[in-house]
Amino acid sequence: MCLKGYKSKGCLGAQGIPAGTWFRGNMEGEFTGKEVYRQHFDPKGYLKVHMPFGSGSPAVREGGFAFILENLHKAFLLDGIQGETLIDIGSGPSIYQLLSACESFQEIIATEFLEQNREEMQKWLKKDPEAFDWTLMVKYICQLEGDREKWMEKEEKLRKTIKQVLKCDVTQANPLDPLVLQPASCVLTTFCLESACKDLPTYRSALKNVGSLVKPGGHLIFVVALRETYYMVGQEKFSCLYLEPEVVEEAVKEAGFGIVCFERFEVNFTRGIADAQSIGFLVAQKHNEA
Ligand SMILES: C[S@@+](CC[C@H](N)C(=O)[O-])C[C@H]1O[C@@H](n2cnc3c(N)ncnc32)[C@H](O)[C@@H]1O
C-alpha cells in the first residue's frame with residue numbers, strides 16, 4: 001500500500017532561517033495556541049518556507065516531498081483508494097496533498113481552521129493573480145501519472161473537484177461544527193494534528209474527532225511529522241507536538257482503525273525550517289463495527 005525504499009536522509013532546500021528567531025508561544029518551547037495562529041500564521045510565509053517547488057528550488061527529492069507525493073499517488077491511483085467524498089482536514093493554504101486524490105474522488109471538501117488560509121486557497125481556486133504558484137508541483141504529479149504536459153488539465157480538474165472550503169477545528173468532537181456532514185469514504189490530513197494539539201491526550205482525542213468523519217470501511221490517510229518540536233512560518237517558530245511513531249499507531253488504533261501501512265522517511269532540516277526527524281505516511285481503515 002505504501003511506497004518502500006525511502007531510507008536516505010534529505011533536507012528541504014528552502015531559505016535559510018536567521019539565528020535568533022523566536023518561538024510563537026509566549027516562551028521557548030511553549031505550545032502555539034489558537035489565538036497566535038489567528039494573528040501570526042502567514043499563509044505565504046508558510047508556503048515560501050515549506051514548498052520546495054513554489055519557492056523556486058528544484059529540491060524535490062530532498063525533505064520528503066517526493067516521498068509524500070509518491071505515496072499519495074500510489075494510495076489513490078495504484079492501490080485504488082477511491083470513493084465519492086474525500087475530506088481534507090487542516091488543508092492550510094496548500095493544495096499539493098489533493099493533486100492525486102482528485103483523480104479518485106468525485107468531490108473533495110477542503111477544511112481549515114484559519115480564515116487567512118481558506119482565503120489563500122480560494123485565491124488559487126479562483127485563479128487570482130496573487131495566488132501561490134503551484135505549477136512545478138502540479139507538473140511533478142502529472143509526470144508521476146505519465147504525462148507532465150497535462151498540468152493545466154490537472155489544475156482544472158482539482159479546481160472542479162474541490163466543492164467546498166470549510167472551517168474546521170480538530171479539537172471539537174465534530175471538527176466541522178456547526179455543519180454535520182455524511183461520513184466520508186476517506187479523510188486525509190497532512191501535518192495538522194501535531195500542530196493543533198498541545199499534548200498527547202488532546203492528540204488522541206483529536207484523532208477520534210477526525211476519525212469520526214470516516215465511514216465504516218473507509219480510509220484515514222495522514223502525513224505526520226515525527227519527533228518534531230517546531231516548524232517555521234516565515235521567520236517565526238510554531239510549536240509541534242513531539243510524536244514517536246508508536247504513539248501515532250496507538251492513537252490510530254484507539255480511534256477504531258486498523259493500520260494498513262505506516263512508512264517513514266528520515267529528514268534532516270539543515271536550514272532550520274523544522275526539526276522533524278522523519279515524516280510518516282500512514283494509511284488506516286476504519287473497522288466496520290466502529
Ligand atoms: C503545518 S500546517 C499544515 C497545512 C497543510 N495541511 C499542509 O500540509 O501544508 C498546520 C495546519 O494546521 C492548522 N490548525 C491549527 N490548529 C488547528 C485546529 N485546532 N484545527 C484544525 N486545524 C488547525 C493550521 O491552521 C495549519 O493550516
# chains A, B, ... in the order shown; residues from 1 in each chain; ligands from 1
>>> residues_near_ligand(ligand="ligand 1", cutoff="6 Å", atoms="only C-alpha atoms and all ligand atoms", output="list in words")
Gly90, Ser91, Gly92, Ser94, Glu112, Phe113, Leu114, Cys168, Asp169, Val170, Thr171, Thr190, Phe191, Cys192, Ser195 and Ala196 of chain A
>>> write_last_selection(atoms="C-alpha atoms", output="short mmCIF file (atom, residue, chain, number, x, y, z; two decimals), in the first residue's frame")
data_model
loop_
_atom_site.label_atom_id
_atom_site.label_comp_id
_atom_site.auth_asym_id
_atom_site.auth_seq_id
_atom_site.Cartn_x
_atom_site.Cartn_y
_atom_site.Cartn_z
CA GLY A 90 -6.41 21.26 8.11
CA SER A 91 -5.59 21.92 4.46
CA GLY A 92 -3.78 25.12 5.35
CA SER A 94 -1.94 24.09 0.44
CA GLU A 112 -9.05 24.69 7.55
CA PHE A 113 -9.01 26.40 10.94
CA LEU A 114 -7.75 29.80 9.79
CA CYS A 168 -12.67 23.15 10.94
CA ASP A 169 -11.27 22.68 14.41
CA VAL A 170 -9.87 19.25 15.24
CA THR A 171 -10.25 19.85 18.97
CA THR A 190 -1.19 16.41 6.39
CA PHE A 191 0.93 17.95 9.18
CA CYS A 192 -2.16 19.19 11.01
CA SER A 195 0.45 21.37 15.03
CA ALA A 196 -3.01 21.72 16.56
#
>>> residues_around(residues="segment 128-141 of chain A", least_positions_apart="4", cutoff="8 Å", atoms="only C-alpha atoms", output="number ranges by chain")
A: 44, 47, 53-54, 69, 73, 96, 99-100, 120-121, 123-124, 145, 148-151, 154-155
>>> write_last_selection(atoms="N, CA and C atoms", output="short mmCIF file (atom, residue, chain, number, x, y, z; two decimals), in the first residue's frame")
data_model
loop_
_atom_site.label_atom_id
_atom_site.label_comp_id
_atom_site.auth_asym_id
_atom_site.auth_seq_id
_atom_site.Cartn_x
_atom_site.Cartn_y
_atom_site.Cartn_z
N LYS A 44 1.50 32.90 3.06
CA LYS A 44 2.59 32.97 2.09
C LYS A 44 3.94 32.68 2.76
N LEU A 47 4.12 28.92 2.99
CA LEU A 47 4.34 28.27 1.69
C LEU A 47 5.75 28.51 1.17
N PHE A 53 8.96 23.44 -4.38
CA PHE A 53 8.77 23.80 -5.78
C PHE A 53 8.44 25.27 -5.91
N GLY A 54 7.47 25.68 -5.08
CA GLY A 54 6.96 27.05 -5.20
C GLY A 54 8.01 28.09 -4.90
N LEU A 69 4.44 12.88 -2.03
CA LEU A 69 3.66 12.92 -3.28
C LEU A 69 3.56 11.55 -3.92
N HIS A 73 0.21 9.42 -4.56
CA HIS A 73 -0.05 8.91 -5.91
C HIS A 73 -0.35 7.40 -5.84
N TYR A 96 -1.18 20.75 -2.61
CA TYR A 96 -0.34 19.66 -3.11
C TYR A 96 -0.90 18.29 -2.73
N LEU A 99 -3.67 16.70 -5.17
CA LEU A 99 -3.45 16.57 -6.62
C LEU A 99 -3.67 15.16 -7.15
N SER A 100 -3.37 14.16 -6.35
CA SER A 100 -3.66 12.78 -6.78
C SER A 100 -5.09 12.41 -6.43
N GLU A 120 -6.45 32.03 1.13
CA GLU A 120 -5.33 31.74 0.23
C GLU A 120 -5.70 30.60 -0.73
N MET A 121 -6.37 29.59 -0.20
CA MET A 121 -6.80 28.50 -1.08
C MET A 121 -7.83 29.00 -2.10
N LYS A 123 -7.99 31.86 -3.37
CA LYS A 123 -7.27 32.62 -4.41
C LYS A 123 -6.83 31.68 -5.52
N TRP A 124 -6.29 30.53 -5.13
CA TRP A 124 -5.84 29.57 -6.15
C TRP A 124 -7.04 29.01 -6.93
N GLU A 145 1.99 10.60 -13.06
CA GLU A 145 0.81 9.99 -13.68
C GLU A 145 1.03 9.68 -15.15
N ARG A 148 3.59 14.82 -18.08
CA ARG A 148 3.90 16.10 -17.44
C ARG A 148 3.19 17.27 -18.11
N GLU A 149 2.89 17.12 -19.40
CA GLU A 149 2.29 18.24 -20.15
C GLU A 149 0.82 18.49 -19.79
N LYS A 150 0.21 17.55 -19.05
CA LYS A 150 -1.22 17.71 -18.75
C LYS A 150 -1.49 18.53 -17.49
N TRP A 151 -0.52 19.35 -17.11
CA TRP A 151 -0.65 20.05 -15.83
C TRP A 151 -1.81 21.04 -15.78
N LYS A 154 -4.92 19.09 -15.15
CA LYS A 154 -4.91 18.65 -13.75
C LYS A 154 -5.36 19.79 -12.83
N GLU A 155 -4.85 20.98 -13.05
CA GLU A 155 -5.27 22.12 -12.21
C GLU A 155 -6.77 22.34 -12.32
#
>>> residues_around(residues="Ala225 of chain A", least_positions_apart="3", cutoff="10 Å", atoms="only C-alpha atoms", output="list of chain:residue names")
A:Thr190, A:Phe191, A:Cys192, A:Leu193, A:Glu194, A:Ser195, A:Phe222, A:Glu228, A:Thr229, A:Tyr230, A:Tyr231, A:Cys240, A:Leu241, A:Tyr242, A:Leu243, A:Glu244, A:Pro245, A:Arg264, A:Phe265, A:Val267, A:Ala274, A:Asp275, A:Ala276, A:Gln277, A:Ser278, A:Ile279, A:Gly280, A:Phe281
>>> atom_distance(atom1="atom CA of Arg204 of chain A", atom2="atom CA of Gln39 of chain A")
26.3 Å
>>> closest_residue(among="A:Lys157, A:Lys253, A:Lys167, A:His219", to="Val187 of chain A", atoms="only C-alpha atoms")
A:His219
>>> select_by_dssp(residues="segment 242-278 of chain A", states="strand (DSSP E or B)", output="PyMOL selection string")
chain A and resi 257-267+274+278
>>> closest_residue(among="A:His50, A:Phe257, A:Pro201, A:His40", to="Arg271 of chain A", atoms="only C-alpha atoms")
A:His50
>>> atom_distance(atom1="atom CA of Thr202 of chain A", atom2="atom CA of Ile259 of chain A")
20.7 Å
>>> decode(residues="segment 129-164 of chain A", atoms="N, CA and C atoms", output="tab-separated table (two decimals), in the first residue's frame")
chain	number	residue	atom	x	y	z
A	129	PRO	N	-4.45	36.40	-9.57
A	129	PRO	CA	-3.04	36.57	-9.94
A	129	PRO	C	-2.10	36.56	-8.73
A	130	GLU	N	-2.62	36.82	-7.54
A	130	GLU	CA	-1.76	36.80	-6.36
A	130	GLU	C	-1.69	35.43	-5.69
A	131	ALA	N	-2.34	34.45	-6.28
A	131	ALA	CA	-2.32	33.10	-5.68
A	131	ALA	C	-0.92	32.52	-5.75
A	132	PHE	N	-0.63	31.62	-4.82
A	132	PHE	CA	0.66	30.93	-4.82
A	132	PHE	C	0.77	30.10	-6.11
A	133	ASP	N	1.97	30.02	-6.64
A	133	ASP	CA	2.19	29.31	-7.90
A	133	ASP	C	2.57	27.85	-7.61
A	134	TRP	N	1.64	26.94	-7.90
A	134	TRP	CA	1.86	25.50	-7.64
A	134	TRP	C	2.30	24.75	-8.89
A	135	THR	N	2.57	25.48	-9.97
A	135	THR	CA	2.78	24.83	-11.27
A	135	THR	C	3.81	23.71	-11.25
A	136	LEU	N	4.96	23.94	-10.62
A	136	LEU	CA	6.01	22.92	-10.66
A	136	LEU	C	5.58	21.66	-9.90
A	137	MET	N	4.85	21.88	-8.81
A	137	MET	CA	4.33	20.74	-8.04
A	137	MET	C	3.32	19.96	-8.89
A	138	VAL	N	2.46	20.68	-9.59
A	138	VAL	CA	1.44	20.04	-10.41
A	138	VAL	C	2.12	19.26	-11.55
A	139	LYS	N	3.15	19.85	-12.13
A	139	LYS	CA	3.86	19.15	-13.22
A	139	LYS	C	4.51	17.87	-12.70
A	140	TYR	N	5.04	17.94	-11.50
A	140	TYR	CA	5.69	16.76	-10.92
A	140	TYR	C	4.67	15.62	-10.78
A	141	ILE	N	3.48	15.95	-10.28
A	141	ILE	CA	2.43	14.93	-10.12
A	141	ILE	C	2.02	14.38	-11.49
A	142	CYS	N	1.88	15.28	-12.47
A	142	CYS	CA	1.48	14.83	-13.81
A	142	CYS	C	2.53	13.88	-14.39
A	143	GLN	N	3.78	14.17	-14.08
A	143	GLN	CA	4.85	13.28	-14.54
A	143	GLN	C	4.68	11.89	-13.90
A	144	LEU	N	4.36	11.86	-12.62
A	144	LEU	CA	4.12	10.57	-11.95
A	144	LEU	C	2.97	9.83	-12.62
A	145	GLU	N	1.99	10.60	-13.06
A	145	GLU	CA	0.81	9.99	-13.68
A	145	GLU	C	1.03	9.68	-15.15
A	146	GLY	N	2.19	10.07	-15.68
A	146	GLY	CA	2.52	9.63	-17.04
A	146	GLY	C	2.58	10.72	-18.09
A	147	ASP	N	2.14	11.94	-17.78
A	147	ASP	CA	2.20	12.98	-18.81
A	147	ASP	C	2.35	14.38	-18.17
A	148	ARG	N	3.59	14.82	-18.08
A	148	ARG	CA	3.90	16.10	-17.44
A	148	ARG	C	3.19	17.27	-18.11
A	149	GLU	N	2.89	17.12	-19.40
A	149	GLU	CA	2.29	18.24	-20.15
A	149	GLU	C	0.82	18.49	-19.79
A	150	LYS	N	0.21	17.55	-19.05
A	150	LYS	CA	-1.22	17.71	-18.75
A	150	LYS	C	-1.49	18.53	-17.49
A	151	TRP	N	-0.52	19.35	-17.11
A	151	TRP	CA	-0.65	20.05	-15.83
A	151	TRP	C	-1.81	21.04	-15.78
A	152	MET	N	-2.14	21.66	-16.92
A	152	MET	CA	-3.26	22.62	-16.89
A	152	MET	C	-4.59	21.89	-16.71
A	153	GLU	N	-4.71	20.74	-17.35
A	153	GLU	CA	-5.93	19.93	-17.16
A	153	GLU	C	-6.05	19.48	-15.72
A	154	LYS	N	-4.92	19.09	-15.15
A	154	LYS	CA	-4.91	18.65	-13.75
A	154	LYS	C	-5.36	19.79	-12.83
A	155	GLU	N	-4.85	20.98	-13.05
A	155	GLU	CA	-5.27	22.12	-12.21
A	155	GLU	C	-6.77	22.34	-12.32
A	156	GLU	N	-7.28	22.25	-13.55
A	156	GLU	CA	-8.72	22.45	-13.74
A	156	GLU	C	-9.52	21.37	-13.04
A	157	LYS	N	-9.03	20.14	-13.15
A	157	LYS	CA	-9.73	19.02	-12.51
A	157	LYS	C	-9.79	19.21	-11.00
A	158	LEU	N	-8.66	19.62	-10.42
A	158	LEU	CA	-8.67	19.82	-8.96
A	158	LEU	C	-9.61	20.97	-8.58
A	159	ARG	N	-9.55	22.04	-9.36
A	159	ARG	CA	-10.45	23.18	-9.05
A	159	ARG	C	-11.91	22.74	-9.08
A	160	LYS	N	-12.25	21.90	-10.05
A	160	LYS	CA	-13.65	21.44	-10.15
A	160	LYS	C	-14.01	20.46	-9.04
A	161	THR	N	-13.03	19.69	-8.59
A	161	THR	CA	-13.33	18.63	-7.61
A	161	THR	C	-13.45	19.19	-6.19
A	162	ILE	N	-12.72	20.26	-5.90
A	162	ILE	CA	-12.86	20.88	-4.56
A	162	ILE	C	-14.19	21.64	-4.55
A	163	LYS	N	-15.17	21.07	-3.88
A	163	LYS	CA	-16.52	21.65	-3.92
A	163	LYS	C	-16.72	22.69	-2.82
A	164	GLN	N	-16.01	22.51	-1.70
A	164	GLN	CA	-16.20	23.44	-0.59
A	164	GLN	C	-14.89	23.64	0.15
